[in-house]
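*Asks:* For reference, the file final.cif (mmCIF, C-alpha atoms) is included below:
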data_protein
#
loop_
_atom_site.group_PDB
_atom_site.id
_atom_site.type_symbol
_atom_site.label_atom_id
_atom_site.label_comp_id
_atom_site.auth_asym_id
_atom_site.auth_seq_id
_atom_site.Cartn_x
_atom_site.Cartn_y
_atom_site.Cartn_z
ATOM 1 C CA MET A 146 7.242 -6.429 -154.995
ATOM 2 C CA GLU A 147 4.346 -6.841 -157.433
ATOM 3 C CA ARG A 148 2.307 -8.589 -154.750
ATOM 4 C CA TYR A 149 2.956 -5.694 -152.345
ATOM 5 C CA LYS A 150 1.977 -3.193 -155.027
ATOM 6 C CA HIS A 151 -1.268 -5.073 -155.687
ATOM 7 C CA GLU A 152 -2.089 -5.483 -151.977
ATOM 8 C CA THR A 153 -1.494 -1.841 -151.156
ATOM 9 C CA HIS A 154 -3.530 -0.737 -154.171
ATOM 10 C CA GLU A 155 -6.455 -2.845 -152.932
ATOM 11 C CA VAL A 156 -6.110 -1.460 -149.388
ATOM 12 C CA ILE A 157 -6.121 2.136 -150.621
ATOM 13 C CA GLU A 158 -9.097 1.486 -152.903
ATOM 14 C CA ARG A 159 -11.034 0.094 -149.923
ATOM 15 C CA PHE A 160 -10.057 3.141 -147.872
ATOM 16 C CA LEU A 161 -11.204 5.507 -150.615
ATOM 17 C CA ARG A 162 -14.553 3.653 -150.778
ATOM 18 C CA HIS A 163 -14.914 4.158 -146.983
ATOM 19 C CA GLU A 164 -14.679 0.400 -146.394
ATOM 20 C CA LEU A 165 -11.639 0.878 -144.140
ATOM 21 C CA SER A 166 -11.067 3.457 -141.428
ATOM 22 C CA PHE A 167 -7.827 5.434 -141.382
ATOM 23 C CA PRO A 168 -6.313 3.278 -138.576
ATOM 24 C CA ASP A 169 -7.349 0.078 -140.367
ATOM 25 C CA CYS A 170 -5.867 1.369 -143.625
ATOM 26 C CA ILE A 171 -2.534 2.153 -141.961
ATOM 27 C CA ALA A 172 -2.526 -1.227 -140.212
ATOM 28 C CA ALA A 173 -3.188 -3.026 -143.505
ATOM 29 C CA LEU A 174 -0.434 -1.082 -145.284
ATOM 30 C CA ASP A 175 1.964 -1.889 -142.430
ATOM 31 C CA ALA A 176 1.026 -5.579 -142.581
ATOM 32 C CA ALA A 177 1.666 -5.690 -146.325
ATOM 33 C CA LEU A 178 5.074 -4.083 -145.770
ATOM 34 C CA ALA A 179 5.916 -6.513 -142.964
ATOM 35 C CA ASP A 180 5.087 -9.377 -145.317
ATOM 36 C CA LEU A 181 7.374 -7.964 -148.014
ATOM 37 C CA ILE A 182 10.429 -7.131 -145.902
ATOM 38 C CA PRO A 183 11.800 -10.703 -145.565
ATOM 39 C CA ARG A 184 11.834 -11.053 -149.379
ATOM 40 C CA LEU A 185 13.035 -7.541 -150.183
ATOM 41 C CA THR A 186 16.182 -7.126 -152.278
ATOM 42 C CA SER A 187 18.458 -4.118 -152.258
ATOM 43 C CA GLU A 188 17.392 -3.316 -155.834
ATOM 44 C CA GLN A 189 13.794 -2.962 -154.655
ATOM 45 C CA LEU A 190 14.489 -0.324 -151.989
ATOM 46 C CA ASP A 191 14.185 2.754 -154.210
ATOM 47 C CA PRO A 192 11.004 1.571 -155.990
ATOM 48 C CA LEU A 193 9.545 0.570 -152.611
ATOM 49 C CA ARG A 194 10.306 3.978 -151.122
ATOM 50 C CA ALA A 195 8.662 5.694 -154.109
ATOM 51 C CA LEU A 196 5.574 3.492 -153.837
ATOM 52 C CA MET A 197 5.282 4.045 -150.087
ATOM 53 C CA LEU A 198 5.518 7.820 -150.556
ATOM 54 C CA ALA A 199 2.883 7.734 -153.302
ATOM 55 C CA ASN A 200 0.571 5.619 -151.128
ATOM 56 C CA ASN A 201 1.101 7.966 -148.200
ATOM 57 C CA GLU A 202 0.253 10.966 -150.351
ATOM 58 C CA ILE A 203 -3.012 9.371 -151.526
ATOM 59 C CA VAL A 204 -4.069 8.491 -147.975
ATOM 60 C CA MET A 205 -3.136 11.905 -146.571
ATOM 61 C CA LYS A 206 -4.983 13.755 -149.338
ATOM 62 C CA GLU A 207 -8.071 11.673 -148.631
ATOM 63 C CA MET A 208 -7.823 12.405 -144.908
ATOM 64 C CA GLU A 209 -7.499 16.104 -145.709
ATOM 65 C CA ARG A 210 -10.535 15.887 -147.979
ATOM 66 C CA ARG A 211 -12.549 14.198 -145.233
ATOM 67 C CA GLY A 212 -11.668 16.954 -142.793
ATOM 68 C CA PRO A 213 -11.021 16.792 -139.074
ATOM 69 C CA PRO A 214 -12.432 13.870 -137.099
ATOM 70 C CA LYS A 215 -15.899 14.442 -135.714
ATOM 71 C CA ASP A 216 -16.200 14.759 -131.947
ATOM 72 C CA SER A 217 -17.984 11.656 -130.636
ATOM 73 C CA THR A 218 -19.245 13.323 -127.436
#
Please re-express this file's structure in structure tokens.
*Replies:*
Amino acid sequence: MERYKHETHEVIERFLRHELSFPDCIAALDAALADLIPRLTSEQLDPLRALMLANNEIVMKEMERRGPPKDST
């Protein structure tokens, strides 16, 4: 779980520094979760859920701050 926490923190930091796009951020968070799932214990479910919700809130607030996507046409 600590590895997942560290990995997702790094992913979000890169996103906040504009080093990752929104889709790449979500893909990286999903990949970190997929890596964790085989080792997950039942005791880790509640802390994992809380961490995922906190991560989601950070990413969504940043997307809101950035505003709507710019039209590329």
*Asks:* Smallest atom-to-atom distance to A:Asn201: which of A:Arg162, A:Arg184, A:His154, A:Arg148, using only C-alpha atoms?
*Replies:* A:His154
*Asks:* For A:Asp175, which residue among A:Ile203, A:Val156, A:Met208, A:His151 is the nearest when counting only C-alpha atoms?
*Replies:* A:Val156
*Asks:* One decimal, in Å: what's the spacing between atom CA of A:Val204 and atom CA of A:Cys170?
*Replies:*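 The value is 8.5 Å.
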*Asks:* To one decimal place, how far is atom CA of A:Glu207 from atom CA of A:Pro192 in Å?
*Replies:*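 So the two atoms, atom CA of A:Glu207 and atom CA of A:Pro192, lie 22.8 Å apart.
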*Asks:* By how many Å are atom CA of A:Leu198 and atom CA of A:Pro168 apart?
*Replies:*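 Separation between atom CA of A:Leu198 and atom CA of A:Pro168: 17.4 Å.
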*Asks:* Which of these, A:Gln189, A:Glu202, A:Pro214, A:Leu178, has the shortest distance to A:Ser166 once you count all atoms listed in the file?
*Replies:*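 Nearest candidate to A:Ser166 out of A:Gln189, A:Glu202, A:Pro214, A:Leu178: A:Pro214.
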*Asks:* Using the chain letters and numbering of this document, enumerate as a list in words the residues selected by the PyMOL selection byres ((chain A and resi 180) around 12).
*Replies:*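 Expected selection for the PyMOL selection byres ((chain A and resi 180) around 12) here is Met146, Arg148, Tyr149, Lys150, Glu152, Thr153, Ala173, Leu174, Asp175, Ala176, Ala177, Leu178, Ala179, Leu181, Ile182, Pro183, Arg184 and Leu185 of chain A.
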*Asks:* Smallest atom-to-atom distance to A:Arg159: which of A:Ile171, A:Lys206, A:Thr186, A:Pro213, using only C-alpha atoms?
*Replies:* A:Ile171
*Asks:* A:Leu196, A:Gly212, A:Ala172, A:Leu161: which is nearest A:Glu147, counting all atoms listed in the file?
*Replies:*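 Among the listed residues, A:Leu196 lies closest to A:Glu147.
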